[in-house]
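Source file: data.cif (mmCIF, C-alpha atoms)
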data_target
#
loop_
_atom_site.label_atom_id
_atom_site.label_comp_id
_atom_site.auth_asym_id
_atom_site.auth_seq_id
_atom_site.Cartn_x
_atom_site.Cartn_y
_atom_site.Cartn_z
CA MET A 20 228.62 226.75 -19.44
CA SER A 21 225.31 228.60 -19.27
CA ASP A 22 223.80 225.98 -21.61
CA LEU A 23 224.86 223.25 -19.21
CA LEU A 24 223.27 225.06 -16.29
CA ASN A 25 220.11 225.72 -18.30
CA ILE A 26 219.82 222.05 -19.26
CA GLY A 27 220.17 220.94 -15.66
CA ARG A 28 217.73 223.56 -14.41
CA SER A 29 215.02 222.70 -16.97
CA ALA A 30 215.49 218.98 -16.30
CA ILE A 31 214.99 219.49 -12.56
CA LEU A 32 211.88 221.60 -13.10
CA THR A 33 210.46 219.06 -15.56
CA ASN A 34 211.14 216.12 -13.29
CA SER A 35 209.63 218.00 -10.37
CA ARG A 36 206.47 218.57 -12.41
CA ALA A 37 206.41 214.93 -13.49
CA LEU A 38 206.71 213.83 -9.87
CA GLU A 39 203.67 215.97 -9.04
CA ILE A 40 201.72 214.19 -11.78
CA VAL A 41 202.70 210.77 -10.43
CA GLY A 42 201.70 211.89 -6.94
CA SER A 43 198.31 212.98 -8.26
CA ASN A 44 197.89 209.60 -9.98
CA VAL A 45 198.66 207.72 -6.79
CA ALA A 46 196.34 209.92 -4.71
CA ASN A 47 193.46 209.26 -7.12
CA ALA A 48 194.05 205.55 -7.63
CA ASP A 49 190.65 204.74 -6.09
CA ASN A 50 188.76 207.55 -7.85
CA PRO A 51 186.58 205.91 -10.57
CA ASP A 52 186.23 209.22 -12.46
CA TYR A 53 189.95 209.94 -12.57
CA VAL A 54 191.92 209.32 -15.76
CA ARG A 55 195.65 208.72 -15.44
CA ARG A 56 197.86 211.67 -16.42
CA THR A 57 201.30 211.85 -17.97
CA LEU A 58 203.55 214.84 -18.64
CA ASN A 59 204.13 215.65 -22.29
CA ILE A 60 207.66 217.02 -22.78
CA SER A 61 209.97 217.78 -25.72
CA ASP A 62 213.47 219.12 -26.26
CA THR A 63 214.24 222.69 -27.31
CA THR A 64 216.92 221.96 -29.89
CA ILE A 65 217.16 224.89 -32.28
CA SER A 66 218.23 224.40 -35.90
CA ALA A 67 219.08 227.32 -38.17
CA THR A 68 220.87 228.25 -41.39
CA ASN A 69 223.38 231.03 -40.91
CA ASN A 70 224.47 231.24 -44.54
CA PRO A 71 223.16 229.53 -47.67
CA ILE A 72 226.69 228.47 -48.56
CA TYR A 73 227.21 226.55 -45.35
CA ILE A 74 225.41 223.66 -43.72
CA ASN A 75 222.71 224.05 -41.07
CA SER A 76 223.78 224.67 -37.51
CA ALA A 77 222.07 223.22 -34.46
CA ARG A 78 222.20 224.23 -30.84
CA THR A 79 221.20 221.76 -28.20
CA GLY A 80 218.91 223.28 -25.60
CA SER A 81 216.94 221.94 -22.65
CA VAL A 82 213.54 220.27 -22.27
CA THR A 83 210.18 221.97 -22.06
CA VAL A 84 206.76 220.93 -20.80
CA ASN A 85 204.08 220.85 -23.52
CA GLY A 86 201.24 220.03 -21.16
CA ILE A 87 199.42 217.25 -19.34
CA THR A 88 198.07 214.30 -21.33
CA ARG A 89 195.15 212.18 -20.14
CA SER A 90 195.48 208.46 -20.89
CA SER A 91 192.10 208.31 -22.55
CA ASP A 92 190.94 206.57 -25.74
CA GLN A 93 187.83 208.27 -27.15
CA PHE A 94 186.69 205.13 -28.97
CA LEU A 95 186.95 202.95 -25.87
CA GLU A 96 185.21 205.64 -23.83
CA ALA A 97 182.34 205.73 -26.34
CA ALA A 98 182.13 201.93 -26.37
CA THR A 99 182.09 201.83 -22.56
CA ARG A 100 179.28 204.37 -22.41
CA GLN A 101 177.26 202.25 -24.84
CA THR A 102 177.84 198.95 -23.06
CA GLY A 103 177.25 200.60 -19.68
CA ALA A 104 173.88 201.88 -20.88
CA SER A 105 172.91 198.39 -22.08
CA ARG A 106 174.04 196.85 -18.80
CA VAL A 107 171.99 199.16 -16.55
CA SER A 108 168.99 198.84 -18.87
CA GLY A 109 169.11 195.06 -18.53
CA GLU A 110 169.58 195.23 -14.76
CA VAL A 111 166.59 197.55 -14.35
CA LEU A 112 164.44 195.40 -16.63
CA VAL A 113 165.22 192.27 -14.61
CA GLN A 114 164.62 194.07 -11.31
CA TRP A 115 161.12 195.25 -12.23
CA LEU A 116 160.02 192.16 -14.15
CA ASN A 117 160.99 190.22 -11.04
CA GLN A 118 158.78 192.59 -9.03
CA GLY A 119 156.00 191.81 -11.50
CA GLU A 120 156.42 188.10 -10.89
CA ILE A 121 156.30 188.71 -7.13
CA ALA A 122 153.11 190.72 -7.62
CA LEU A 123 151.60 187.87 -9.64
CA ALA A 124 152.63 185.29 -7.03
CA ASN A 125 150.90 187.39 -4.33
CA ASN A 126 152.99 186.03 -1.48
CA ASP A 127 152.31 182.38 -2.46
CA ALA A 128 148.58 183.12 -2.57
CA ASP A 129 148.24 183.31 -6.34
CA ILE A 130 145.07 183.12 -8.39
CA GLY A 131 145.97 179.77 -9.93
CA THR A 132 146.19 178.02 -6.57
CA GLN A 133 142.82 179.40 -5.53
CA LEU A 134 141.21 178.40 -8.83
CA THR A 135 142.47 174.86 -8.32
CA LYS A 136 140.89 174.85 -4.87
CA LEU A 137 137.64 176.22 -6.26
CA PHE A 138 137.35 173.48 -8.88
CA GLY A 139 138.29 170.85 -6.29
CA THR A 140 135.44 172.01 -4.07
CA ALA A 141 133.10 171.93 -7.09
CA GLU A 142 133.99 168.29 -7.76
CA GLU A 143 133.23 167.40 -4.15
CA LEU A 144 129.98 169.34 -4.32
CA SER A 145 128.94 167.52 -7.49
CA ALA A 146 128.88 164.28 -5.48
CA ILE A 147 126.88 165.74 -2.55
CA PRO A 148 124.97 168.76 -3.98
CA PHE A 149 122.79 169.27 -0.88
CA GLU A 150 125.63 169.35 1.66
CA PRO A 151 125.44 172.83 3.34
CA ALA A 152 129.10 172.90 4.37
CA LEU A 153 130.28 172.20 0.81
CA ARG A 154 127.89 174.80 -0.58
CA ASN A 155 129.24 177.39 1.81
CA GLN A 156 132.79 176.36 0.98
CA PHE A 157 132.04 176.73 -2.73
CA VAL A 158 130.72 180.27 -2.19
CA ASN A 159 133.71 181.11 0.01
CA ASP A 160 136.09 179.83 -2.67
CA ILE A 161 134.45 182.06 -5.27
CA GLU A 162 134.79 185.03 -2.93
CA ALA A 163 138.42 184.10 -2.21
CA THR A 164 139.15 183.86 -5.95
CA VAL A 165 137.65 187.30 -6.48
CA GLY A 166 139.81 188.55 -3.61
CA ARG A 167 142.91 187.07 -5.24
CA PHE A 168 142.08 188.87 -8.49
CA ASN A 169 141.62 192.12 -6.56
CA GLN A 170 144.89 191.77 -4.64
CA THR A 171 146.92 190.74 -7.68
CA ALA A 172 145.57 193.70 -9.64
CA LEU A 173 146.47 195.98 -6.72
CA ASN A 174 149.98 194.49 -6.58
CA LEU A 175 150.54 195.06 -10.29
CA SER A 176 149.10 198.58 -10.13
CA SER A 177 151.39 199.41 -7.21
CA THR A 178 154.40 198.08 -9.11
CA VAL A 179 153.52 200.16 -12.17
CA ASN A 180 153.21 203.24 -9.96
CA LEU A 181 156.55 202.50 -8.32
CA ILE A 182 158.10 202.40 -11.78
CA ASN A 183 156.60 205.84 -12.42
CA GLY A 184 158.28 207.09 -9.27
CA ALA A 185 161.60 205.56 -10.26
CA ALA A 186 161.38 206.99 -13.78
CA SER A 187 160.53 210.44 -12.42
CA GLN A 188 163.59 210.28 -10.16
CA GLU A 189 165.79 209.13 -13.04
CA ALA A 190 164.56 212.05 -15.17
CA ALA A 191 165.39 214.49 -12.35
CA GLU A 192 168.90 213.04 -11.98
CA LEU A 193 169.33 213.18 -15.76
CA ASN A 194 168.46 216.88 -15.77
CA THR A 195 170.96 217.48 -12.97
CA ALA A 196 173.67 215.81 -15.06
CA LEU A 197 172.68 217.84 -18.12
CA ASN A 198 173.01 221.07 -16.14
CA GLU A 199 176.37 219.95 -14.77
CA LEU A 200 177.59 219.26 -18.30
CA ALA A 201 176.49 222.74 -19.42
CA GLN A 202 178.47 224.30 -16.57
CA ILE A 203 181.52 222.17 -17.41
CA ASN A 204 181.28 223.30 -21.04
CA GLN A 205 181.44 226.92 -19.92
CA LYS A 206 184.60 226.23 -17.94
CA LEU A 207 186.19 224.03 -20.57
CA LEU A 208 186.08 226.46 -23.46
CA PRO A 209 188.51 229.02 -21.99
CA ALA A 210 190.66 226.41 -20.20
CA GLY A 211 194.23 226.13 -21.47
CA ILE A 212 194.95 223.01 -23.52
CA GLY A 213 197.12 220.57 -21.62
CA THR A 214 196.67 222.31 -18.29
CA ALA A 215 195.78 220.61 -15.03
CA GLN A 216 192.50 222.55 -15.01
CA GLN A 217 191.50 221.14 -18.39
CA ALA A 218 192.36 217.59 -17.28
CA VAL A 219 190.13 217.93 -14.22
CA LEU A 220 187.29 219.38 -16.29
CA LEU A 221 187.58 216.59 -18.85
CA ASP A 222 187.31 214.04 -16.03
CA GLN A 223 184.17 215.82 -14.83
CA ARG A 224 182.80 215.94 -18.38
CA ASP A 225 183.27 212.19 -18.88
CA ALA A 226 181.64 211.47 -15.50
CA ALA A 227 178.62 213.59 -16.49
CA LEU A 228 178.42 211.88 -19.89
CA THR A 229 178.45 208.48 -18.18
CA VAL A 230 175.52 209.48 -15.97
CA ILE A 231 173.58 210.86 -18.94
CA THR A 232 174.10 207.86 -21.23
CA GLU A 233 173.31 205.40 -18.44
CA LYS A 234 169.91 207.04 -18.05
CA LEU A 235 168.83 207.75 -21.63
CA ASP A 236 169.89 206.86 -25.16
CA VAL A 237 171.33 210.10 -26.57
CA GLN A 238 173.80 211.28 -29.20
CA ILE A 239 177.01 213.08 -28.19
CA SER A 240 179.00 215.52 -30.32
CA PHE A 241 182.27 217.07 -29.19
CA GLY A 242 183.21 220.66 -29.89
CA ASN A 243 186.06 223.06 -29.25
CA ASN A 244 188.42 222.29 -26.38
CA GLY A 245 186.52 219.15 -25.37
CA THR A 246 183.06 220.65 -24.90
CA ALA A 247 180.18 218.23 -25.47
CA ASP A 248 176.67 218.72 -26.86
CA ILE A 249 173.83 216.26 -26.25
CA SER A 250 170.90 215.57 -28.56
CA ARG A 251 168.23 212.93 -29.04
CA ASN A 252 166.60 212.24 -32.39
CA GLY A 253 167.53 215.71 -33.62
CA THR A 254 166.35 217.53 -30.46
CA ASN A 255 169.02 219.30 -28.41
CA LEU A 256 169.28 218.58 -24.71
CA VAL A 257 172.57 220.45 -24.19
CA SER A 258 173.88 222.97 -26.69
CA PHE A 259 177.05 224.34 -25.08
CA ASN A 260 175.52 225.98 -21.98
CA VAL A 261 171.82 225.87 -22.95
CA VAL A 262 169.84 222.98 -21.46
CA SER A 263 166.47 221.62 -22.59
CA PRO A 264 165.33 219.48 -19.66
CA VAL A 265 163.67 216.09 -19.96
CA THR A 266 160.12 215.94 -18.59
CA PHE A 267 158.60 212.74 -17.24
CA VAL A 268 154.95 212.17 -18.18
CA ALA A 269 153.04 209.37 -16.46
CA GLY A 270 150.74 207.35 -18.69
CA ALA A 271 147.08 206.66 -17.96
CA GLY A 272 146.81 202.90 -18.34
CA THR A 273 149.92 202.90 -20.51
CA SER A 274 153.67 203.20 -19.99
CA PHE A 275 155.21 206.60 -19.25
CA ASP A 276 156.49 209.08 -21.86
CA ILE A 277 159.31 211.60 -21.87
CA GLU A 278 159.15 215.08 -23.35
CA ILE A 279 161.86 217.52 -24.42
CA GLY A 280 160.76 221.09 -24.94
CA GLY A 281 157.11 220.07 -24.76
CA THR A 282 157.46 217.47 -27.54
CA VAL A 283 156.85 213.81 -26.77
CA GLN A 284 159.91 211.74 -27.60
CA ALA A 285 160.14 208.20 -28.88
CA ALA A 286 160.23 205.64 -26.09
CA PRO A 287 163.66 205.25 -24.46
CA SER A 288 165.51 202.24 -25.79
CA ASN A 289 168.50 202.13 -23.49
CA GLY A 290 169.74 203.23 -20.08
CA THR A 291 167.73 203.13 -16.88
CA LEU A 292 164.81 204.99 -18.44
CA GLY A 293 164.81 202.47 -21.30
CA GLY A 294 164.79 199.56 -18.86
CA LEU A 295 162.01 201.15 -16.80
CA GLN A 296 159.93 201.85 -19.89
CA ARG A 297 160.28 198.27 -21.16
CA ALA A 298 159.45 196.84 -17.74
CA GLN A 299 156.41 199.08 -17.32
CA SER A 300 155.12 198.26 -20.81
CA SER A 301 155.40 194.57 -19.98
CA LEU A 302 153.61 194.96 -16.63
CA VAL A 303 150.86 197.12 -18.14
CA SER A 304 150.31 194.37 -20.71
CA LEU A 305 150.30 191.81 -17.89
CA ASN A 306 147.71 193.86 -16.01
CA ASN A 307 145.55 194.07 -19.14
CA ASP A 308 145.75 190.28 -19.54
CA LEU A 309 144.71 189.90 -15.90
CA ASP A 310 141.74 192.22 -16.49
CA SER A 311 140.68 190.13 -19.48
CA LEU A 312 141.01 186.95 -17.44
CA ALA A 313 138.94 188.46 -14.61
CA VAL A 314 136.16 189.44 -17.02
CA GLN A 315 136.32 185.95 -18.52
CA PHE A 316 136.11 184.38 -15.06
CA ALA A 317 133.07 186.49 -14.16
CA ALA A 318 131.38 185.65 -17.46
CA GLN A 319 132.00 181.94 -17.03
CA ILE A 320 130.81 181.84 -13.42
CA ASN A 321 127.71 183.93 -14.18
CA GLY A 322 127.03 181.98 -17.36
CA TRP A 323 127.31 178.70 -15.52
CA GLN A 324 124.99 179.97 -12.79
CA ALA A 325 122.43 181.21 -15.34
CA ASN A 326 122.37 177.82 -17.10
CA GLY A 327 121.29 175.99 -13.94
CA SER A 328 118.42 175.99 -11.52
CA THR A 329 118.29 176.67 -7.81
CA ASP A 330 116.63 174.40 -5.28
CA THR A 331 113.39 176.33 -5.90
CA GLY A 332 113.59 175.73 -9.65
CA VAL A 333 114.39 179.26 -10.76
CA PRO A 334 117.43 180.25 -12.92
CA GLY A 335 120.51 181.22 -10.98
CA ALA A 336 121.28 184.90 -10.43
CA ALA A 337 124.64 186.50 -11.11
CA VAL A 338 127.38 185.66 -8.65
CA ILE A 339 130.04 188.19 -9.70
CA ALA A 340 129.87 191.86 -10.72
CA HIS A 341 132.62 193.96 -12.32
CA ALA A 342 133.41 197.12 -14.25
CA GLY A 343 135.73 195.50 -16.77
CA THR A 344 138.85 195.13 -14.61
CA ALA A 345 140.27 192.66 -12.12
CA ALA A 346 140.38 195.39 -9.48
CA SER A 347 136.63 196.01 -9.84
CA LEU A 348 135.67 192.35 -9.50
CA SER A 349 133.25 191.71 -6.62
CA THR A 350 130.70 189.16 -5.48
CA THR A 351 126.99 189.96 -5.39
CA GLY A 352 126.47 188.47 -1.93
CA LEU A 353 124.57 185.45 -3.23
CA SER A 354 123.84 182.91 -0.52
CA ALA A 355 124.75 179.24 -0.67
CA ASN A 356 121.06 178.30 -1.04
CA SER A 357 120.84 180.42 -4.21
CA LEU A 358 123.44 178.36 -6.08
CA ALA A 359 122.08 176.89 -9.33
CA LEU A 360 123.56 173.41 -8.94
CA ALA A 361 120.80 171.57 -10.77
CA SER A 362 120.18 171.44 -14.48
CA PRO A 363 116.81 172.90 -15.53
CA GLY A 364 114.22 170.19 -15.05
CA GLY A 365 116.95 167.63 -14.47
CA ALA A 366 119.34 166.15 -11.93
CA ALA A 367 120.13 168.00 -8.72
CA ASN A 368 123.83 167.99 -9.59
CA GLY A 369 123.49 168.41 -13.35
CA ASN A 370 124.79 171.99 -13.52
CA ILE A 371 127.59 171.59 -11.00
CA LEU A 372 128.87 168.67 -13.06
CA ALA A 373 129.14 171.07 -16.01
CA PHE A 374 131.40 173.29 -13.92
CA VAL A 375 134.34 171.07 -14.88
CA ASP A 376 134.09 172.47 -18.41
CA LEU A 377 135.55 175.70 -17.08
CA ARG A 378 138.86 173.84 -16.60
CA THR A 379 139.34 173.24 -20.32
CA ALA A 380 142.08 174.95 -22.37
CA THR A 381 139.84 178.01 -22.75
CA GLY A 382 139.01 178.16 -19.06
CA THR A 383 140.17 180.59 -16.38
CA GLU A 384 142.57 178.14 -14.78
CA GLN A 385 144.40 177.50 -18.02
CA GLY A 386 144.26 181.20 -18.81
CA TYR A 387 146.05 182.05 -15.58
CA GLU A 388 148.71 179.40 -16.24
CA THR A 389 149.31 180.98 -19.64
CA ILE A 390 149.74 184.42 -18.06
CA ALA A 391 152.11 183.11 -15.37
CA LEU A 392 154.16 181.15 -17.88
CA GLY A 393 154.43 184.16 -20.19
CA GLN A 394 155.67 186.34 -17.34
CA ALA A 395 158.23 183.72 -16.32
CA GLN A 396 159.50 183.47 -19.90
CA LYS A 397 159.87 187.26 -20.14
CA LEU A 398 161.85 187.33 -16.91
CA LEU A 399 164.08 184.49 -18.06
CA ALA A 400 164.76 186.24 -21.38
CA ALA A 401 165.54 189.49 -19.54
CA ARG A 402 167.99 187.70 -17.25
CA SER A 403 169.79 186.19 -20.24
CA GLU A 404 169.93 189.59 -21.94
CA SER A 405 171.24 191.20 -18.76
CA ALA A 406 173.94 188.56 -18.29
CA ALA A 407 175.16 189.04 -21.86
CA SER A 408 175.17 192.84 -21.51
CA THR A 409 177.07 192.63 -18.23
CA ALA A 410 179.73 190.35 -19.72
CA PHE A 411 180.16 192.61 -22.75
CA ASP A 412 180.36 195.70 -20.57
CA GLN A 413 182.96 194.10 -18.32
CA ALA A 414 185.17 193.22 -21.29
CA THR A 415 184.90 196.75 -22.68
CA ARG A 416 185.67 198.35 -19.33
CA GLU A 417 188.73 196.16 -18.86
CA ALA A 418 190.07 197.34 -22.21
CA ARG A 419 189.37 200.96 -21.26
CA ASP A 420 190.79 200.58 -17.75
CA ASN A 421 194.03 199.10 -19.05
CA ILE A 422 194.68 202.53 -20.54
CA ALA A 423 192.88 204.98 -18.30
CA THR A 424 193.12 203.73 -14.72
CA VAL A 425 196.04 204.17 -12.36
CA ASP A 426 198.32 201.15 -11.90
CA LEU A 427 200.26 201.59 -8.65
CA ASP A 428 203.05 199.29 -9.86
CA ARG A 429 203.54 201.45 -12.93
CA GLU A 430 203.49 204.61 -10.82
CA ALA A 431 206.09 203.12 -8.48
CA ALA A 432 208.34 202.38 -11.45
CA ASP A 433 207.87 205.95 -12.69
CA LEU A 434 208.79 207.30 -9.27
CA ILE A 435 212.09 205.40 -9.35
CA ARG A 436 212.80 206.53 -12.91
CA LEU A 437 212.01 210.16 -12.17
CA GLN A 438 214.05 210.09 -8.97
CA GLN A 439 217.08 208.87 -10.91
CA SER A 440 216.46 211.47 -13.61
CA TYR A 441 216.18 214.18 -10.96
CA GLU A 442 219.48 213.10 -9.41
CA ALA A 443 221.11 213.11 -12.87
CA ALA A 444 219.89 216.65 -13.54
CA ALA A 445 221.20 217.75 -10.17
CA ARG A 446 224.53 216.16 -11.03
CA ILE A 447 224.67 218.17 -14.28
CA ILE A 448 224.32 221.38 -12.29
CA GLN A 449 226.94 220.17 -9.84
CA VAL A 450 229.38 219.41 -12.67
CA ALA A 451 228.74 222.80 -14.24
CA LYS A 452 229.35 224.50 -10.89
CA GLU A 453 232.59 222.58 -10.30
CA THR A 454 233.80 223.28 -13.82
CA MET A 455 233.11 226.98 -13.45
CA GLN A 456 234.91 227.09 -10.11
CA THR A 457 237.90 225.33 -11.67
CA ILE A 458 238.04 227.82 -14.54
CA LEU A 459 237.75 230.76 -12.18
CA GLY A 460 240.48 229.26 -10.04
CA ILE A 461 242.91 229.41 -12.95
CA PHE A 462 242.75 233.17 -12.85
#
Written form, structure tokens:
Amino acid sequence: MSDLLNIGRSAILTNSRALEIVGSNVANADNPDYVRRTLNISDTTISATNNPIYINSARTGSVTVNGITRSSDQFLEAATRQTGASRVSGEVLVQWLNQGEIALANNDADIGTQLTKLFGTAEELSAIPFEPALRNQFVNDIEATVGRFNQTALNLSSTVNLINGAASQEAAELNTALNELAQINQKLLPAGIGTAQQAVLLDQRDAALTVITEKLDVQISFGNNGTADISRNGTNLVSFNVVSPVTFVAGAGTSFDIEIGGTVQAAPSNGTLGGLQRAQSSLVSLNNDLDSLAVQFAAQINGWQANGSTDTGVPGAAVIAHAGTAASLSTTGLSANSLALASPGGAANGNILAFVDLRTATGTEQGYETIALGQAQKLLAARSESAASTAFDQATREARDNIATVDLDREAADLIRLQQSYEAAARIIQVAKETMQTILGIF
């Protein structure tokens, strides 16, 4: 009779605990960091041999709670962290390459459009070389082209600096996540296996790992009781509760670096820092190409001017000055009357007619088109890469979520099942009570 009461009592307690777990699942259905829990139970049947001559005896007992189980698959979790890192890297790369294209377009006042206008004015001037208005327009167009180079260089420089700011912020958030993981490790180690406390800490650990891997490509190793260590290329970032922070280092004319413990690391290849590094490298290269084009433009304009003669018959003076960059490009203040439109000892429009040679495949106009086309191709490739990464990440997350996330329909079914089981356990106790009362009534 006592066994019957014990079975009913343990069943009620177990079902009560299971109902608490279901309630927790339902309450956290919208929590993205929550992993569904189930109650792990087993029976307490005891088998023993009383005498070697006789067969084994068994005594049926009750049920016992072994602990709480998280519905988590470590391989799917690892795959999701990897695909998530690739997804955010692609998104960041597209975002900043698009900013680079905006900087190059300069609010629909790009260098290419102004160069086209400059050469158009030159063609008009070649027909009427002594027209003052056209001469002034030609000088103004040169000044406007220089201004476009200056503004575009400023736009690109500002974008590169904004990337530095974003990367610095990402490094700070990464260090915060590393410190959080170290604190979670300290709490995880003494936590009881299968307890509610351990389940909560493991959720927090996985959330911290997601933040870390979505910012930087790292290696994860798991230790006792679910603790996690983080390293990168053999350098520890988190070793149980010891953290080596990541330091952001801005580059001078190059893309940024990261350091761990004072040692410069290889460039990030994934996560937000990887996307930022790739984008900045591309924009730094774009800025260098623009500098080269600006120097080429100055050389061509000054060379053209030097090859001609002014109205007074002297060689033309330099029109543009620079210090080797598009940002340093400036005009010398040459007046319209100092333009060397004539060829030496020849026709009054001989040199301005040669200006059309600057529009050949090696000219500035074609050079700018090459730069703009290259940037557009990089952005298109980044968008394709991002779309593929997003699709892959979505498929991986769906597979993970089918196991780990809370399904309210499933929880509702469990509530009905547990309610019926609870009622059955209560009925066992009721039957035991009635039976005992009947036996006692005999006496």
Output check: residues returned by the PyMOL selection byres ((chain A and resi 93-104) around 12), as an NGL selection string = :A and (52 or 54 or 89-92 or 105-111 or 221-222 or 224-241 or 245 or 287-294 or 405 or 407-423)
Tell me which residues the PyMOL selection byres ((chain A and resi 388-402) around 9) grabs here, as a list in words.
-> Gly109, Glu110, Leu112, Val113, Leu116, Asn117, Gly119, Glu120, Leu123, Ala124, Gly131, Ser301, Leu302, Leu305, Asp308, Leu309, Thr383, Glu384, Gln385, Gly386, Tyr387, Ser403, Glu404, Ser405, Ala406 and Ala407 of chain A
I need the residue set behind the PyMOL selection byres ((chain A and resi 282) around 12) for this file; please write it as a ChimeraX atom specification.
-> /A:251-255,263-268,276-281,283-285
Counting only C-alpha atoms, the residue among A:Asn326, A:Asn155, A:Asn25, A:Gln223 that lies closest to Phe374 (chain A) is A:Asn326
Interface rows for region 74-183 of chain A against region 351-368 of chain A: nearest pair, Å to one decimal, 7 Å, all atoms listed in the file, as a Markdown table:
| residue | atom | partner | partner_atom | distance |
| --- | --- | --- | --- | --- |
| A:Ser145 | CA | A:Asn368 | CA | 5.5 |
| A:Pro148 | CA | A:Asn368 | CA | 5.8 |
| A:Arg154 | CA | A:Ala355 | CA | 5.4 |
| A:Asn155 | CA | A:Ala355 | CA | 5.5 |
| A:Val158 | CA | A:Ala355 | CA | 6.2 |
Would you kindly identify which residues have an atom no farther than 9 Å from (137.2, 191.0, -9.6), using all atoms listed in the file and the file's own coordinates, and write them out as a ChimeraX atom specification?
-> /A:164-169,172,310,313-314,316-317,339-350
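We find CA of Gln456 (chain A) and CA of Leu23 (chain A) to be spaced 14.1 Å apart.
Between Asn126 (chain A) and the residues A:Asp433, A:Thr171, A:Asn85, A:Gln216, the shortest atom-to-atom distance, using only C-alpha atoms, involves A:Thr171.
Nearest to Ala269 (chain A) of all the residues A:Gln133, A:Gly369, A:Ala190, A:Ile461 is A:Ala190, counting all atoms listed in the file.
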For Glu143 (chain A): contacts at 12 Å, all atoms listed in the file, fewer than 3 positions along chain excluded, given as a PyMOL selection string = chain A and resi 136-140+146-150+152-154+156-157+368+371-372+374-375
Spatial sel., origin (179.5, 222.4, -17.3), limit 10 Å, only C-alpha atoms, listed as an MDAnalysis selection string = chainID A and resid 196:208 220 223:224 227 246:247 257 259:260
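We find CA of Ile60 (chain A) and CA of Val84 (chain A) to be spaced 4.5 Å apart.
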Given all atoms listed in the file as the counted atoms, nearest of A:Ser29, A:Thr88, A:Ser35, A:Asn44 to Arg429 (chain A) =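 Of A:Ser29, A:Thr88, A:Ser35, A:Asn44, the one nearest Arg429 (chain A), counting all atoms listed in the file, is A:Asn44.
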Mind giving me the axis-aligned box for region 309-319 of chain A with 5 Å on every side, centre plus edges in Å to one decimal, as lines of an AutoDock Vina configuration file?
center_x = 138.0
center_y = 187.1
center_z = -16.8
size_x = 23.3
size_y = 20.3
size_z = 15.3
Point-to-point distance from CA of Thr33 (chain A) to CA of Ala218 (chain A), Å rounded to tenths =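 Calculated distance between CA of Thr33 (chain A) and CA of Ala218 (chain A) is 18.2 Å.
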Looking at A:Gln170, A:Thr178, A:Gly382, A:Ser440, which one is nearest to Ala318 (chain A), with distances taken over all atoms listed in the file?
->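 Ranking A:Gln170, A:Thr178, A:Gly382, A:Ser440 by distance to Ala318 (chain A), first place goes to A:Gly382.
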Hey, which of A:Leu295, A:Leu256, A:Ala122, A:Ala210 ends up closest to Ser187 (chain A)? Count only C-alpha atoms.
->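 The answer is A:Leu295, which sits nearest to Ser187 (chain A).
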